[in-house]
Amino acid sequence: MKFKLPNGQEAIFTSEITVEPIQHMGGDHMVVAAARVSVSGTEAVSFADPSKVEESAGLINYLMKQRHGTPFEHGGITFFVNAPIFVWREWHRHRVGFSYNEESGRYKQLEPKFWIPASTRKMVPTENYKAARPTFQAGTPEEHVWIVNDIIDSCSDAYTRYQERLDRGYAKEVARVTLPLNIFSSCWVTCNPRSLMAYLSLRTHDAAAQFVSYPQAEIEEAARIVEKIFKEYWPITYAAFVKNGRVGP
Ligand SMILES: Cc1cc2nc3c(=O)[nH]c(=O)nc-3n(C[C@H](O)[C@H](O)[C@H](O)COP(=O)(O)OP(=O)(O)OC[C@H]3O[C@@H](n4cnc5c(N)ncnc54)[C@H](O)[C@@H]3O)c2cc1C
C-alpha cells in the first residue's frame with residue numbers, strides 16, 4: 001500500500017518479506033563425496049557427480065540421523081533478502097556458517113518502506129498463552145484496521161522527522177535513531193546447508209519436529225521461503241532433514 005507522508009513523500013506499507021536466491025554451489029552429491037573420502041581416499045572424487053547421488057540417499061539419511069554434520073558444509077547458497085529490522089534482529093543471531101552484508105543507515109538514506117500485519121496475521125494472545133509457547137488468534141477486522149492505522153501514523157511521524165533532520169544537515173547516523181523496528185532493510189545472506197538446517201529447525205514451527213520451536217511469524221515466513229529453495233537444490237538432504245525430525249545435523 002502506498003501512502004503520502006505529511007511532507008509529500010511516498011511511503012510503502014507492506015506485509016511482504018522477499019527472499020531471492022542469487023547463487024548456489026554444490027548439492028546432495030557433495031554431501032556424499034565429503035562423507036565417502038573417509039573410506040575411499042582419492043576415489044572420493046568419483047562421488048562428486050550429481051548423476052550418481054540417488055544410490056546414496058541411505059548414506060545421507062544415516063549422516064543426518066547420526067548428526068554427522070560436517071559433510072553438509074560443502075555447499076553454499078546466497079540469498080538477497082528485504083525484511084523489516086525486527087526480523088534482522090532475530091536472523092543475525094545465527095552466527096555460525098552465516099555471512100551477512102547489510103545496507104547501512106550511516107551511509108545511505110533508509111527508504112520509507114514499513115511492515116504492517118496482513119489481515120490474516122494472528123496477533124491476539126490466546127487464553128492459554130505462555131511466553132515460551134506463544135499462541136495467537138485472529139483479531140476482529142476492526143482490530144486489524146486499528147493497528148494498521150496506528151502503525152502508519154507512527155511511521156509517518158518518525159520518517160517525517162528523520163527527513164527533517166537530514167534536510168537540516170544532521171548526519172544520517174544521528175537522524176535515524178528514532179526510526180521504527182518495522183522499517184525494511186536489505187541484506188545479503190550466505191550460508192551452507194548445515195547452517196541453513198540449524199536455522200530452519202529454530203525458525204519454523206512444526207508440531208511433528210523433534211524439538212518444536214515457536215518462532216515469530218515473520219521470520220518463519222522468510223524461513224519457509226528459504227526452505228522451499230533449499231528443498232529444490234538439496235532434495236535428498238532436505239528429505240532426510242524432515243524424516244529425522246528437522247534437527248540440524
Ligand atoms: C523461538 C526463539 C526464541 C528466542 N528468544 C530469545 C530471547 O528471548 N533472547 C535472546 O537473546 N535470544 C533469543 N533467541 C535467539 C537464540 O538464543 C539464538 O541466539 C538463535 O536461535 C541462534 O541460535 P544458535 O546460537 O544456535 O545459532 P548460531 O549462532 O548459528 O550457532 C550454531 C551452533 O554453534 C554452536 N555455538 C555457536 N556459538 C557458540 C558459543 N559461543 N559457544 C558454544 N557453542 C556455540 C552451538 O552449538 C550453536 O547451536 C530465540 C530464538 C528462538 C528460535
# chains A, B, ... in the order shown; residues from 1 in each chain; ligands from 1

call {"tool": "residues_around", "arguments": {"residues": "region 140-153 of chain A", "least_positions_apart": "3", "cutoff": "10 Å", "atoms": "only C-alpha atoms", "output": "list of chain:residue names"}}
result
A:Phe3, A:Leu5, A:Ala11, A:Ile12, A:Phe13, A:Phe114, A:Trp115, A:Ile116, A:Pro117, A:Ala118, A:Ser119, A:Thr120, A:Arg121, A:Lys122, A:Met123, A:Val124, A:Gln137, A:Ser156, A:Asp157, A:Ala158, A:Pro180, A:Asn182

call {"tool": "select_by_dssp", "arguments": {"residues": "region 67-237 of chain A", "states": "strand (DSSP E or B)", "output": "VMD selection string"}}
result
chain A and resid 76 to 84 98 to 102 113 to 115 124 to 125 130 133 136 to 137 183 to 191

call {"tool": "write_last_selection", "arguments": {"atoms": "N, CA, C and O atoms", "output": "compact mmCIF listing (two decimals), in the first residue's frame"}}
result
# COMPACT_ATOMS: atom_id res chain seq x y z
N GLY A 76 26.94 -24.17 -0.68
CA GLY A 76 26.65 -22.79 -0.26
C GLY A 76 25.48 -22.22 -1.03
O GLY A 76 25.15 -22.69 -2.14
N ILE A 77 24.84 -21.26 -0.41
CA ILE A 77 23.73 -20.59 -1.09
C ILE A 77 23.68 -19.14 -0.63
O ILE A 77 23.94 -18.84 0.54
N THR A 78 23.39 -18.25 -1.57
CA THR A 78 23.30 -16.82 -1.27
C THR A 78 21.90 -16.33 -1.57
O THR A 78 21.36 -16.60 -2.65
N PHE A 79 21.34 -15.62 -0.60
CA PHE A 79 20.01 -15.01 -0.76
C PHE A 79 20.14 -13.49 -0.68
O PHE A 79 21.01 -12.98 0.03
N PHE A 80 19.25 -12.80 -1.38
CA PHE A 80 19.10 -11.36 -1.18
C PHE A 80 17.75 -11.16 -0.52
O PHE A 80 16.71 -11.57 -1.06
N VAL A 81 17.77 -10.57 0.67
CA VAL A 81 16.56 -10.52 1.49
C VAL A 81 16.19 -9.07 1.83
O VAL A 81 17.06 -8.28 2.19
N ASN A 82 14.92 -8.76 1.68
CA ASN A 82 14.40 -7.46 2.08
C ASN A 82 13.37 -7.73 3.18
O ASN A 82 12.33 -8.34 2.93
N ALA A 83 13.71 -7.29 4.39
CA ALA A 83 12.87 -7.63 5.55
C ALA A 83 12.93 -6.50 6.58
O ALA A 83 13.90 -5.73 6.59
N PRO A 84 11.92 -6.43 7.44
CA PRO A 84 11.98 -5.39 8.48
C PRO A 84 13.09 -5.65 9.49
O PRO A 84 13.50 -6.80 9.69
N PHE A 98 27.14 -18.53 8.71
CA PHE A 98 26.37 -17.48 8.02
C PHE A 98 27.26 -16.28 7.77
O PHE A 98 28.03 -15.87 8.64
N SER A 99 27.12 -15.68 6.57
CA SER A 99 27.80 -14.40 6.26
C SER A 99 26.73 -13.39 5.87
O SER A 99 25.79 -13.74 5.15
N TYR A 100 26.89 -12.18 6.36
CA TYR A 100 25.90 -11.13 6.10
C TYR A 100 26.56 -9.85 5.61
O TYR A 100 27.65 -9.49 6.09
N ASN A 101 25.90 -9.15 4.70
CA ASN A 101 26.24 -7.75 4.39
C ASN A 101 24.94 -7.00 4.22
O ASN A 101 24.09 -7.40 3.41
N GLU A 102 24.80 -5.91 4.98
CA GLU A 102 23.52 -5.19 5.03
C GLU A 102 23.69 -3.74 4.62
O GLU A 102 24.77 -3.15 4.81
N LYS A 113 9.90 2.47 3.72
CA LYS A 113 9.16 1.22 3.49
C LYS A 113 9.00 0.53 4.84
O LYS A 113 10.00 0.27 5.53
N PHE A 114 7.75 0.24 5.20
CA PHE A 114 7.45 -0.25 6.55
C PHE A 114 6.56 -1.48 6.51
O PHE A 114 5.67 -1.59 5.66
N TRP A 115 6.78 -2.37 7.48
CA TRP A 115 5.96 -3.58 7.58
C TRP A 115 4.66 -3.28 8.34
O TRP A 115 4.67 -2.54 9.33
N VAL A 124 -3.58 -11.69 18.52
CA VAL A 124 -4.19 -11.50 19.84
C VAL A 124 -3.87 -12.76 20.67
O VAL A 124 -4.21 -13.87 20.25
N PRO A 125 -3.17 -12.61 21.81
CA PRO A 125 -2.81 -13.80 22.59
C PRO A 125 -4.03 -14.65 22.96
O PRO A 125 -5.08 -14.10 23.31
N LYS A 130 1.37 -18.80 26.67
CA LYS A 130 2.54 -18.92 27.56
C LYS A 130 3.72 -18.30 26.83
O LYS A 130 3.88 -18.52 25.62
N ARG A 133 5.68 -20.65 24.80
CA ARG A 133 4.93 -21.29 23.71
C ARG A 133 3.83 -20.34 23.27
O ARG A 133 2.63 -20.62 23.46
N PHE A 136 -1.44 -17.36 19.24
CA PHE A 136 -2.27 -16.18 18.97
C PHE A 136 -3.50 -16.58 18.18
O PHE A 136 -3.51 -17.58 17.48
N GLN A 137 -4.52 -15.73 18.28
CA GLN A 137 -5.71 -15.94 17.45
C GLN A 137 -5.93 -14.68 16.61
O GLN A 137 -5.36 -13.62 16.92
N ILE A 183 10.92 -0.75 9.87
CA ILE A 183 11.44 -0.23 8.60
C ILE A 183 12.23 -1.34 7.91
O ILE A 183 12.88 -2.16 8.58
N PHE A 184 12.14 -1.41 6.58
CA PHE A 184 12.79 -2.50 5.84
C PHE A 184 14.28 -2.23 5.62
O PHE A 184 14.71 -1.08 5.49
N SER A 185 15.02 -3.31 5.55
CA SER A 185 16.45 -3.23 5.27
C SER A 185 16.81 -4.41 4.36
O SER A 185 16.21 -5.48 4.45
N SER A 186 17.80 -4.19 3.49
CA SER A 186 18.22 -5.25 2.57
C SER A 186 19.54 -5.86 3.02
O SER A 186 20.42 -5.14 3.51
N CYS A 187 19.68 -7.13 2.80
CA CYS A 187 20.87 -7.82 3.29
C CYS A 187 21.20 -9.02 2.39
O CYS A 187 20.30 -9.72 1.92
N TRP A 188 22.49 -9.23 2.15
CA TRP A 188 22.96 -10.48 1.53
C TRP A 188 23.15 -11.50 2.65
O TRP A 188 23.71 -11.15 3.69
N VAL A 189 22.69 -12.70 2.39
CA VAL A 189 22.86 -13.78 3.37
C VAL A 189 23.45 -14.98 2.63
O VAL A 189 22.87 -15.45 1.65
N THR A 190 24.60 -15.45 3.10
CA THR A 190 25.21 -16.65 2.52
C THR A 190 25.42 -17.68 3.64
O THR A 190 25.86 -17.32 4.73
N CYS A 191 25.06 -18.93 3.35
CA CYS A 191 25.24 -19.97 4.37
C CYS A 191 25.48 -21.31 3.68
O CYS A 191 25.42 -21.40 2.45

call {"tool": "closest_atom_pairs", "arguments": {"of": "chain A", "to": "ligand 1", "cutoff": "12 Å", "atoms": "only C-alpha atoms and all ligand atoms", "output": "CSV"}}
result
residue,atom,partner,partner_atom_place_in_ligand_line,distance
A:Gly69,CA,ligand 1,33 (C),11.4
A:Val87,CA,ligand 1,51 (C),11.5
A:Trp88,CA,ligand 1,15 (C),11.7
A:Arg89,CA,ligand 1,15 (C),9.3
A:Glu90,CA,ligand 1,15 (C),6.6
A:Trp91,CA,ligand 1,22 (C),7.7
A:His92,CA,ligand 1,22 (C),8.0
A:Arg93,CA,ligand 1,19 (O),4.6
A:His94,CA,ligand 1,30 (O),3.5
A:Arg95,CA,ligand 1,29 (O),3.7
A:Val96,CA,ligand 1,30 (O),3.8
A:Gly97,CA,ligand 1,30 (O),6.6
A:Phe98,CA,ligand 1,30 (O),7.1
A:Ser99,CA,ligand 1,30 (O),10.4
A:Ala131,CA,ligand 1,8 (O),9.5
A:Ala132,CA,ligand 1,1 (C),7.7
A:Arg133,CA,ligand 1,1 (C),8.4
A:Pro134,CA,ligand 1,1 (C),9.2
A:Thr135,CA,ligand 1,1 (C),12.0
A:Cys191,CA,ligand 1,30 (O),10.0
A:Asn192,CA,ligand 1,30 (O),11.1
A:Arg194,CA,ligand 1,32 (C),9.6
A:Ser195,CA,ligand 1,30 (O),6.6
A:Leu196,CA,ligand 1,30 (O),8.9
A:Met197,CA,ligand 1,30 (O),10.1
A:Ala198,CA,ligand 1,32 (C),6.8
A:Tyr199,CA,ligand 1,27 (O),7.1
A:Leu200,CA,ligand 1,53 (C),9.2
A:Ser201,CA,ligand 1,53 (C),8.2
A:Leu202,CA,ligand 1,53 (C),4.4
A:Arg203,CA,ligand 1,53 (C),5.4
A:Thr204,CA,ligand 1,53 (C),8.2
A:His205,CA,ligand 1,1 (C),8.9
A:Phe211,CA,ligand 1,53 (C),10.7
A:Val212,CA,ligand 1,1 (C),9.1
A:Ser213,CA,ligand 1,1 (C),5.5
A:Tyr214,CA,ligand 1,1 (C),4.6
A:Pro215,CA,ligand 1,1 (C),4.2
A:Gln216,CA,ligand 1,1 (C),7.0
A:Ala217,CA,ligand 1,1 (C),10.2
A:Glu218,CA,ligand 1,1 (C),11.9
A:Ile219,CA,ligand 1,53 (C),9.5
A:Glu220,CA,ligand 1,53 (C),9.7
A:Ala223,CA,ligand 1,53 (C),11.4
A:Val247,CA,ligand 1,49 (O),11.0
A:Gly248,CA,ligand 1,49 (O),8.9
A:Pro249,CA,ligand 1,47 (O),10.3

call {"tool": "atom_distance", "arguments": {"atom1": "CA of Thr237 (chain A)", "atom2": "CA of Ala57 (chain A)"}}
result
8.1 Å

call {"tool": "atom_distance", "arguments": {"atom1": "CA of Pro112 (chain A)", "atom2": "CA of Asp167 (chain A)"}}
result
15.3 Å

call {"tool": "atom_distance", "arguments": {"atom1": "CA of Glu73 (chain A)", "atom2": "CA of Glu55 (chain A)"}}
result
20.5 Å

call {"tool": "select_by_dssp", "arguments": {"residues": "region 46-248 of chain A", "states": "alpha helix (DSSP H)", "output": "count of residues only"}}
result
84

call {"tool": "closest_residue", "arguments": {"among": "A:Ala239, A:Glu232, A:Ser104, A:Ser154", "to": "Lys172 (chain A)", "atoms": "only C-alpha atoms"}}
result
A:Ser104

call {"tool": "residues_around", "arguments": {"residues": "Leu63 (chain A)", "least_positions_apart": "6", "cutoff": "10 Å", "atoms": "only C-alpha atoms", "output": "list in words"}}
result
Val31, Val32, Ala35, Gly69, Thr70, Pro71, Phe72, Thr237, Ala240 and Pro249 of chain A

call {"tool": "closest_residue", "arguments": {"among": "A:Pro193, A:Gly41, A:Gly8, A:Pro21", "to": "Ile236 (chain A)", "atoms": "only C-alpha atoms"}}
result
A:Pro193

call {"tool": "residues_around", "arguments": {"residues": "Tyr238 (chain A)", "least_positions_apart": "4", "cutoff": "10 Å", "atoms": "only C-alpha atoms", "output": "ChimeraX atom specification"}}
result
/A:28,60-61,64,193,197,227-228,230-234,242-244,246

call {"tool": "write_last_selection", "arguments": {"atoms": "N, CA and C atoms", "output": "tab-separated table (two decimals), in the first residue's frame"}}
result
chain	number	residue	atom	x	y	z
A	28	ASP	N	23.38	-32.45	-3.23
A	28	ASP	CA	23.44	-33.69	-2.45
A	28	ASP	C	24.71	-34.50	-2.74
A	60	ILE	N	23.06	-40.44	3.08
A	60	ILE	CA	22.69	-39.08	3.53
A	60	ILE	C	21.75	-39.17	4.74
A	61	ASN	N	20.82	-40.09	4.68
A	61	ASN	CA	19.90	-40.26	5.81
A	61	ASN	C	20.65	-40.70	7.07
A	64	MET	N	22.48	-37.77	8.60
A	64	MET	CA	21.53	-36.86	9.26
A	64	MET	C	21.12	-37.44	10.62
A	193	PRO	N	24.55	-25.70	3.74
A	193	PRO	CA	23.36	-26.49	4.08
A	193	PRO	C	23.26	-26.83	5.57
A	197	MET	N	20.11	-25.65	7.88
A	197	MET	CA	19.19	-26.56	8.60
A	197	MET	C	19.08	-26.17	10.08
A	227	GLU	N	13.33	-22.45	2.97
A	227	GLU	CA	13.15	-23.92	3.00
A	227	GLU	C	12.77	-24.46	1.62
A	228	LYS	N	11.88	-23.75	0.95
A	228	LYS	CA	11.43	-24.18	-0.38
A	228	LYS	C	12.61	-24.20	-1.38
A	230	PHE	N	15.82	-24.43	-0.54
A	230	PHE	CA	16.73	-25.49	-0.09
A	230	PHE	C	16.27	-26.85	-0.62
A	231	LYS	N	14.98	-27.11	-0.52
A	231	LYS	CA	14.41	-28.38	-0.99
A	231	LYS	C	14.68	-28.58	-2.48
A	232	GLU	N	14.62	-27.50	-3.21
A	232	GLU	CA	14.83	-27.58	-4.66
A	232	GLU	C	16.27	-27.97	-5.00
A	233	TYR	N	17.25	-27.39	-4.29
A	233	TYR	CA	18.66	-27.62	-4.62
A	233	TYR	C	19.28	-28.83	-3.92
A	234	TRP	N	18.75	-29.20	-2.74
A	234	TRP	CA	19.28	-30.35	-1.98
A	234	TRP	C	18.11	-31.28	-1.63
A	242	VAL	N	13.77	-33.66	7.14
A	242	VAL	CA	12.37	-33.77	7.56
A	242	VAL	C	12.13	-35.12	8.25
A	243	LYS	N	12.66	-36.18	7.62
A	243	LYS	CA	12.44	-37.53	8.15
A	243	LYS	C	13.01	-37.69	9.57
A	244	ASN	N	14.10	-36.99	9.84
A	244	ASN	CA	14.75	-37.12	11.15
A	244	ASN	C	14.37	-36.01	12.13
A	246	ARG	N	13.60	-32.75	11.70
A	246	ARG	CA	14.01	-31.36	11.48
A	246	ARG	C	15.05	-30.91	12.51

call {"tool": "closest_residue", "arguments": {"among": "A:Phe47, A:Tyr107, A:Tyr62, A:Phe241", "to": "Ala171 (chain A)", "atoms": "only C-alpha atoms"}}
result
A:Tyr107
